[in-house]
Structures are given as C-alpha cells and as structure tokens.
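Enquirer: Below is one structure. I have some questions about it.
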Amino acid sequence: MRAARLIKMVLLLQSRPSMTAAELARELEVSERTVTRDAQALSEAGVPVYADRGRIGGYRLVGGYRTRLTGLARSEAEALFLSGVPGALREMGLEDAASAARLKVSAALLPSLRDASRTAAQRFHLDAPNWFREPTTPELLPAVADAVWDDRRITARYRRGDDDVARELEPYGLVLKAGVWYLCARVAGGGAFRVYRIDRFTAVETGEERFGRVAEFDLPAFWEERAEQFARSLLRVEIVVRLSAQGVRRLPHAVDPLSAREALARAGEPDGDGWVTVTLPVESEEVAHAQLTALGAEVEVLEPGSLRERFAAEAVRLAELYGR
C-alpha cells in the first residue's frame with residue numbers, strides 16, 4: 001500500500017513544478033504528516049525530493065529527475081491503453097499525436113507488457129453513436145479542439161433558429177454525447193458558461209489571445225448538471241396514470257428513467273388490484289402517448305382527459321383491427 005502511494009507521489013511531483021503538503025495530502029488521501037514522512041523516505045531511497053520551506057513552500061523534484069514506467073502491472077498497462085477513444089481522437093485531428101504517445105509509452109514499458117495495447121484493444125471497444133444513426137463529424141471540430149487545447153478565445157457563428165449569431169467564447173471543454181459533439185464554453189469577458197452543439201457552428205475564428213481558465217471549473221460535473229437541467233426542462237406536462245406491477249417495472253424503460261424513479265418514489269400504496277397511481281412529468285401529451293403505448297394494458301391514463309380519450313380511441317381501433 002505504501003509503495004503504491006510513494007510511486008504516485010513521485011509521479012505527481014514529476015507532472016508539476018511543485019506541490020504543497022496540503023495538495024499532496026489531498027491527492028494521496030493521507031495526512032500532511034504522512035506526506036512529510038513519505039518525502040523523507042523517498043529522499044533516503046535516492047529520489048531527489050526537495051522541500052521548500054515557508055508559507056508558500058512545497059515539495060519538488062530537483063535535477064530534472066524522471067522515472068521510467070517500469071512499475072506498471074499488466075492490468076494497469078492495459079487500462080492505460082483503454083483511456084483513449086480512437087474515433088473521437090480521429091475526429092478532433094489528434095489521431096497521429098495519440099499514436100505517437102502510445103508508441104512512446106510502449107517503449108518505456110517492460111518487454112513483458114508491450115503487448116498491452118493489443119490485448120486491451122481486442123477485448124474492449126467503445127462505439128459512441130446511437131444505433132440507427134449515421135454519425136457525421138462537424139467540419140469545424142478540429143479548429144474548436146485546437147482552441148480548447150491551447151486555451152485560445154474563438155469567435156464562433158452558429159445557427160439559432162432562423163438566425164445566425166456571433167459570440168466570442170472561451171472554449172473550456174468538448175463532450176461527445178451519443179455521437180453528437182458539444183462545446184462547453186464561457187462567454188468572453190466573464191460571462192456565463194453555456195453548451196453549444198458544434199454541428200450548428202457555421203464559422204470559427206481562433207484568436208491569438210489566451211484566456212485564464214477558472215480553476216474550479218469541473219467539466220464532468222458541469223456537463224452532468226447541464227444535461228440533467230436540459231432533460232428536466234423538456235418535461236413540461238404532468239399526467240396521472242395507474243400502473244400494474246409489471247407496468248411499474250417497465251416504466252423506467254419507457255420514459256425518462258430519472259423522472260420515472262422519482263415519480264414512483266412519491267407514489268402511494270397499491271390499490272386493491274395491486275395497481276399504483278403515479279403523477280408523471282412528460283414532454284407533451286403526444287410524446288407521452290408514444291412512450292406509454294409500449295406498456296400496453298399495464299398502464300391506464302387517468303388525467304388529463306384528452307390523453308385518456310386518445311388511448312381509448314386507439315383501443316377501439318385496435319379492437320376493430322384485431323377483431324376482424
């Protein structure tokens with residue numbers, strides 16, 4: 001356990017100019033006193049860890065010290081080669097750089113581990129786009145990706161309804177969701193963070209000026225929050241339905257899973273027939289009709305009356321069709 005922690009400490013110091021004891025303690029999930037002892041142990045073992053004293057001091061490696069990747073286990077080496085997404089790298093124009101990086105990592109590994117890239121690729125493959133959809137790569141994606149890597153402001157023109165709008169943006173990060181590329185960016189000059197579909201960009205001009213990133217910005221957390229907000233913003237209508245036990249089990253597969261689980265959690269006890277009454281947020285009556293049709297006779301719409309009448313009329317048509 002301690003050996004793994006010491007290796008991680010060396011790699012952390014190798015990747016940054018210096019780190020305070022508090023930063024190392026947070027990364028290593030130990031106390032600052034343990035960090036001090038570990039630094040001393042590394043120094044005694046010949047690793048040139050130097051401690052800068054004072055209020056703004058910290059730990060650093062001296063003399064350009066580098067460690068080779070000879071301490072990786074096979075599972076760690078294979079996991080390393082799983083971290084890339086080949087299709088996404090290709091679309092961003094980074095395929096050659098990623099290939100060169102993999103070659104350099106392979107050269108640094110022990111001979112017994114150099115087949116890790118092949119064994120990982122033969123066992124796991126990420127296919128991001130949805131089924132029944134032909135993915136298209138936005139023409140301007142490589143230019144946006146370059147700006148993201150270099151922290152350079154961009155002036156982007158994009159389609160918003162029938163209008164063509166121009167914005168100066170600070171591009172923070174890219175997200176690939178179900179085959180669609182999104183840019184998480186901040187409006188230049190301290191504006192709000194927003195999400196843009198890159199396939200709606202009509203022009204992108206990269207400026208020479210670099211912007212200072214907000215250190216607290218967390219791309220995965222930001223995307224998760226915005227994705228949830230977007231999904232909830234679509235659910236503008238509430239309906240009331242009765243569900244059989246089988247309907248309860250199948251509901252999260254027919255409508256938005258999070259909304260279904262929350263609605264079921266708020267539901268009361270089953271009635272005498274074992275059915276549960278649920279108030280469910282949906283996008284619209286039309287969408288609810290299409291989604292709940294998949295549950296067949298395991299759901300009964302109670303409200304609104306217009307949606308109940310729609311199901312009743314369809315039930316009559318189905319009875320006529322199959323009763324012939």
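Residue numbers start at 1 in each chain; chains themselves are named A, B, ... in the order of the structure tokens; ligands are numbered from 1 in the order shown.
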Near A:Gly46, counting only C-alpha atoms, which residues have an atom at most 12 Å away, once you skip same-chain residues fewer than 2 positions from it, shown as a PyMOL selection string?
Expert: chain A and resi 10+39-44+48-50+61-62+65+67
Enquirer: Save the residues we just selected, all heavy atoms, as an mmCIF file, in the first residue's frame?
Expert:
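Generated output (part.cif):
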data_model
loop_
_atom_site.group_PDB
_atom_site.id
_atom_site.type_symbol
_atom_site.label_atom_id
_atom_site.label_comp_id
_atom_site.auth_asym_id
_atom_site.auth_seq_id
_atom_site.Cartn_x
_atom_site.Cartn_y
_atom_site.Cartn_z
ATOM 1 N N VAL A 10 5.714 10.364 -6.434
ATOM 2 C CA VAL A 10 6.771 10.716 -7.382
ATOM 3 C C VAL A 10 6.169 11.166 -8.709
ATOM 4 O O VAL A 10 6.601 12.165 -9.310
ATOM 5 C CB VAL A 10 7.728 9.523 -7.593
ATOM 6 C CG1 VAL A 10 8.717 9.829 -8.721
ATOM 7 C CG2 VAL A 10 8.481 9.204 -6.315
ATOM 8 N N ALA A 39 8.001 11.821 1.929
ATOM 9 C CA ALA A 39 9.026 12.596 1.224
ATOM 10 C C ALA A 39 10.410 12.258 1.761
ATOM 11 O O ALA A 39 11.381 12.123 0.997
ATOM 12 C CB ALA A 39 8.743 14.088 1.358
ATOM 13 N N GLN A 40 10.520 12.104 3.074
ATOM 14 C CA GLN A 40 11.800 11.735 3.676
ATOM 15 C C GLN A 40 12.231 10.342 3.244
ATOM 16 O O GLN A 40 13.406 10.112 2.942
ATOM 17 C CB GLN A 40 11.693 11.807 5.202
ATOM 18 C CG GLN A 40 13.013 11.522 5.918
ATOM 19 C CD GLN A 40 12.883 11.672 7.432
ATOM 20 O OE1 GLN A 40 11.856 12.135 7.922
ATOM 21 N NE2 GLN A 40 13.925 11.307 8.148
ATOM 22 N N ALA A 41 11.249 9.414 3.158
ATOM 23 C CA ALA A 41 11.566 8.046 2.740
ATOM 24 C C ALA A 41 12.057 8.022 1.293
ATOM 25 O O ALA A 41 13.005 7.300 0.956
ATOM 26 C CB ALA A 41 10.329 7.156 2.900
ATOM 27 N N LEU A 42 11.433 8.821 0.430
ATOM 28 C CA LEU A 42 11.870 8.883 -0.963
ATOM 29 C C LEU A 42 13.272 9.458 -1.066
ATOM 30 O O LEU A 42 14.105 8.975 -1.845
ATOM 31 C CB LEU A 42 10.890 9.733 -1.781
ATOM 32 C CG LEU A 42 9.521 9.101 -2.091
ATOM 33 C CD1 LEU A 42 8.570 10.125 -2.693
ATOM 34 C CD2 LEU A 42 9.683 7.913 -3.034
ATOM 35 N N SER A 43 13.532 10.493 -0.296
ATOM 36 C CA SER A 43 14.856 11.112 -0.315
ATOM 37 C C SER A 43 15.926 10.121 0.132
ATOM 38 O O SER A 43 17.003 10.026 -0.475
ATOM 39 C CB SER A 43 14.858 12.353 0.582
ATOM 40 O OG SER A 43 16.120 12.978 0.565
ATOM 41 N N GLU A 44 15.629 9.346 1.173
ATOM 42 C CA GLU A 44 16.577 8.349 1.661
ATOM 43 C C GLU A 44 16.788 7.229 0.651
ATOM 44 O O GLU A 44 17.855 6.600 0.626
ATOM 45 C CB GLU A 44 16.079 7.776 2.987
ATOM 46 C CG GLU A 44 16.101 8.798 4.126
ATOM 47 C CD GLU A 44 15.439 8.265 5.389
ATOM 48 O OE1 GLU A 44 14.857 7.152 5.327
ATOM 49 O OE2 GLU A 44 15.496 8.951 6.435
ATOM 50 N N PRO A 48 15.360 12.460 -5.577
ATOM 51 C CA PRO A 48 15.708 13.819 -5.127
ATOM 52 C C PRO A 48 14.484 14.702 -4.869
ATOM 53 O O PRO A 48 14.170 15.608 -5.649
ATOM 54 C CB PRO A 48 16.559 14.363 -6.280
ATOM 55 C CG PRO A 48 16.045 13.643 -7.479
ATOM 56 C CD PRO A 48 15.660 12.267 -7.017
ATOM 57 N N VAL A 49 13.773 14.424 -3.776
ATOM 58 C CA VAL A 49 12.642 15.253 -3.369
ATOM 59 C C VAL A 49 13.166 16.375 -2.494
ATOM 60 O O VAL A 49 13.851 16.123 -1.488
ATOM 61 C CB VAL A 49 11.593 14.418 -2.593
ATOM 62 C CG1 VAL A 49 10.443 15.317 -2.130
ATOM 63 C CG2 VAL A 49 11.059 13.293 -3.468
ATOM 64 N N TYR A 50 12.863 17.615 -2.872
ATOM 65 C CA TYR A 50 13.369 18.778 -2.128
ATOM 66 C C TYR A 50 12.187 19.525 -1.529
ATOM 67 O O TYR A 50 11.157 19.738 -2.192
ATOM 68 C CB TYR A 50 14.150 19.698 -3.052
ATOM 69 C CG TYR A 50 14.730 20.903 -2.350
ATOM 70 C CD1 TYR A 50 15.889 20.793 -1.579
ATOM 71 C CD2 TYR A 50 14.110 22.146 -2.442
ATOM 72 C CE1 TYR A 50 16.414 21.895 -0.923
ATOM 73 C CE2 TYR A 50 14.630 23.251 -1.797
ATOM 74 C CZ TYR A 50 15.783 23.117 -1.034
ATOM 75 O OH TYR A 50 16.300 24.209 -0.381
ATOM 76 N N LEU A 61 10.757 17.937 -7.347
ATOM 77 C CA LEU A 61 11.877 17.089 -7.741
ATOM 78 C C LEU A 61 12.972 17.970 -8.328
ATOM 79 O O LEU A 61 12.678 18.898 -9.084
ATOM 80 C CB LEU A 61 11.423 16.050 -8.771
ATOM 81 C CG LEU A 61 10.422 14.998 -8.284
ATOM 82 C CD1 LEU A 61 9.962 14.125 -9.441
ATOM 83 C CD2 LEU A 61 11.018 14.136 -7.190
ATOM 84 N N VAL A 62 14.209 17.694 -8.004
ATOM 85 C CA VAL A 62 15.317 18.519 -8.497
ATOM 86 C C VAL A 62 16.123 17.749 -9.534
ATOM 87 O O VAL A 62 16.051 16.523 -9.627
ATOM 88 C CB VAL A 62 16.246 18.951 -7.337
ATOM 89 C CG1 VAL A 62 15.487 19.828 -6.358
ATOM 90 C CG2 VAL A 62 16.839 17.746 -6.631
ATOM 91 N N TYR A 65 14.726 15.136 -12.533
ATOM 92 C CA TYR A 65 14.533 13.703 -12.265
ATOM 93 C C TYR A 65 13.278 13.187 -12.963
ATOM 94 O O TYR A 65 12.221 13.806 -12.924
ATOM 95 C CB TYR A 65 14.422 13.463 -10.763
ATOM 96 C CG TYR A 65 14.212 12.007 -10.389
ATOM 97 C CD1 TYR A 65 15.287 11.147 -10.262
ATOM 98 C CD2 TYR A 65 12.924 11.523 -10.178
ATOM 99 C CE1 TYR A 65 15.090 9.811 -9.921
ATOM 100 C CE2 TYR A 65 12.717 10.203 -9.847
ATOM 101 C CZ TYR A 65 13.803 9.337 -9.717
ATOM 102 O OH TYR A 65 13.600 8.032 -9.383
ATOM 103 N N THR A 67 11.130 9.308 -13.763
ATOM 104 C CA THR A 67 11.059 7.879 -13.509
ATOM 105 C C THR A 67 10.513 7.172 -14.739
ATOM 106 O O THR A 67 9.655 7.705 -15.442
ATOM 107 C CB THR A 67 10.155 7.561 -12.295
ATOM 108 O OG1 THR A 67 10.140 6.152 -12.078
ATOM 109 C CG2 THR A 67 8.721 8.035 -12.508
#
Enquirer: Please identify which residues in stretch 112-203 of chain A DSSP calls strand (DSSP E) from the backbone, and express them as number ranges by chain.
Expert: A: 152-160, 163-177, 180-187, 193-197, 201-203
Enquirer: Which parts of stretch 140-193 of chain A does DSSP call alpha helix (DSSP H) when run on the backbone here, written out as a list of chain:residue names?
Expert: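 These are the residues in question: A:Leu141, A:Pro142, A:Ala143, A:Val144, A:Ala145, A:Asp146, A:Ala147, A:Val148, A:Trp149, A:Asp150.
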Enquirer: Residues of the last selection are to be written out with all heavy atoms, as a short mmCIF file (atom, residue, chain, number, x, y, z; two decimals), in the first residue's frame.
Expert:
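The new file result07.cif reads:
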data_model
loop_
_atom_site.label_atom_id
_atom_site.label_comp_id
_atom_site.auth_asym_id
_atom_site.auth_seq_id
_atom_site.Cartn_x
_atom_site.Cartn_y
_atom_site.Cartn_z
N LEU A 141 -14.93 20.92 -36.07
CA LEU A 141 -14.50 20.32 -34.80
C LEU A 141 -12.99 20.41 -34.58
O LEU A 141 -12.56 20.78 -33.47
CB LEU A 141 -14.96 18.86 -34.73
CG LEU A 141 -14.47 18.07 -33.51
CD1 LEU A 141 -14.98 18.69 -32.21
CD2 LEU A 141 -14.92 16.61 -33.60
N PRO A 142 -12.12 20.09 -35.56
CA PRO A 142 -10.68 20.20 -35.29
C PRO A 142 -10.23 21.59 -34.88
O PRO A 142 -9.39 21.74 -33.99
CB PRO A 142 -10.05 19.78 -36.63
CG PRO A 142 -11.07 18.91 -37.27
CD PRO A 142 -12.39 19.51 -36.90
N ALA A 143 -10.81 22.63 -35.49
CA ALA A 143 -10.44 24.00 -35.13
C ALA A 143 -10.86 24.31 -33.70
O ALA A 143 -10.12 24.94 -32.93
CB ALA A 143 -11.08 24.99 -36.10
N VAL A 144 -12.06 23.85 -33.32
CA VAL A 144 -12.53 24.07 -31.95
C VAL A 144 -11.66 23.30 -30.96
O VAL A 144 -11.30 23.80 -29.89
CB VAL A 144 -14.01 23.66 -31.81
CG1 VAL A 144 -14.47 23.80 -30.36
CG2 VAL A 144 -14.89 24.51 -32.72
N ALA A 145 -11.30 22.06 -31.31
CA ALA A 145 -10.47 21.24 -30.43
C ALA A 145 -9.10 21.89 -30.21
O ALA A 145 -8.58 21.88 -29.09
CB ALA A 145 -10.31 19.84 -31.02
N ASP A 146 -8.52 22.44 -31.27
CA ASP A 146 -7.22 23.13 -31.12
C ASP A 146 -7.34 24.29 -30.13
O ASP A 146 -6.45 24.51 -29.31
CB ASP A 146 -6.74 23.64 -32.48
CG ASP A 146 -6.21 22.53 -33.37
OD1 ASP A 146 -5.94 21.43 -32.84
OD2 ASP A 146 -6.09 22.76 -34.59
N ALA A 147 -8.43 25.05 -30.24
CA ALA A 147 -8.62 26.18 -29.35
C ALA A 147 -8.80 25.73 -27.91
O ALA A 147 -8.32 26.38 -26.97
CB ALA A 147 -9.83 27.01 -29.80
N VAL A 148 -9.49 24.59 -27.72
CA VAL A 148 -9.69 24.05 -26.38
C VAL A 148 -8.34 23.67 -25.77
O VAL A 148 -8.04 23.99 -24.61
CB VAL A 148 -10.63 22.83 -26.41
CG1 VAL A 148 -10.61 22.10 -25.07
CG2 VAL A 148 -12.05 23.27 -26.74
N TRP A 149 -7.49 22.99 -26.55
CA TRP A 149 -6.19 22.57 -26.04
C TRP A 149 -5.31 23.77 -25.70
O TRP A 149 -4.56 23.76 -24.72
CB TRP A 149 -5.48 21.71 -27.08
CG TRP A 149 -5.92 20.29 -27.10
CD1 TRP A 149 -6.59 19.65 -28.11
CD2 TRP A 149 -5.76 19.31 -26.06
NE1 TRP A 149 -6.85 18.34 -27.75
CE2 TRP A 149 -6.35 18.11 -26.51
CE3 TRP A 149 -5.18 19.34 -24.80
CZ2 TRP A 149 -6.37 16.94 -25.74
CZ3 TRP A 149 -5.19 18.19 -24.02
CH2 TRP A 149 -5.78 17.01 -24.49
N ASP A 150 -5.37 24.84 -26.52
CA ASP A 150 -4.47 25.97 -26.35
C ASP A 150 -5.04 27.08 -25.47
O ASP A 150 -4.38 28.11 -25.27
CB ASP A 150 -4.12 26.57 -27.72
CG ASP A 150 -3.22 25.65 -28.53
OD1 ASP A 150 -2.60 24.76 -27.92
OD2 ASP A 150 -3.15 25.83 -29.76
#
Enquirer: By how many Å are atom CA of A:Ile198 and atom CA of A:Asp256 apart?
Expert: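 Taking atom CA of A:Ile198 as the start and atom CA of A:Asp256 as the end point, the length is 25.1 Å.
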Enquirer: For stretch 27-38 of chain A, work out the shell of residues within 10 Å, counting only C-alpha atoms and skipping chain neighbours fewer than 5 positions away, then give it as a VMD selection string.
Expert: chain A and resid 2 to 3 5 to 6 8 to 9 12 20 to 22 43 to 44 49 51 59
Enquirer: For a test of reading the model, state the distance in Å between atom CA of A:Gly272 and atom CA of A:Gln291, rounded to one decimal.
Expert: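 It comes out at 26.4 Å.
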Enquirer: I'd like the contact shell of A:Val237 - 6 Å cut-off, only C-alpha atoms, skipping same-chain residues fewer than 5 positions apart - returned as a VMD selection string.
Expert: chain A and resid 281 to 284
Enquirer: Counting only C-alpha atoms, which residue out of A:Val241, A:Val204, A:Ala294, A:Ala166 sits closest to A:Val187?
Expert: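 Among A:Val241, A:Val204, A:Ala294, A:Ala166, it is A:Ala166 that comes nearest to A:Val187.
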Enquirer: Point out the residue among A:Gly93, A:Gly64, A:Pro171, A:Pro129 with the least atom-to-atom distance to A:Leu219, counting only C-alpha atoms.
Expert: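 That would be A:Pro171, the residue with the smallest distance to A:Leu219.
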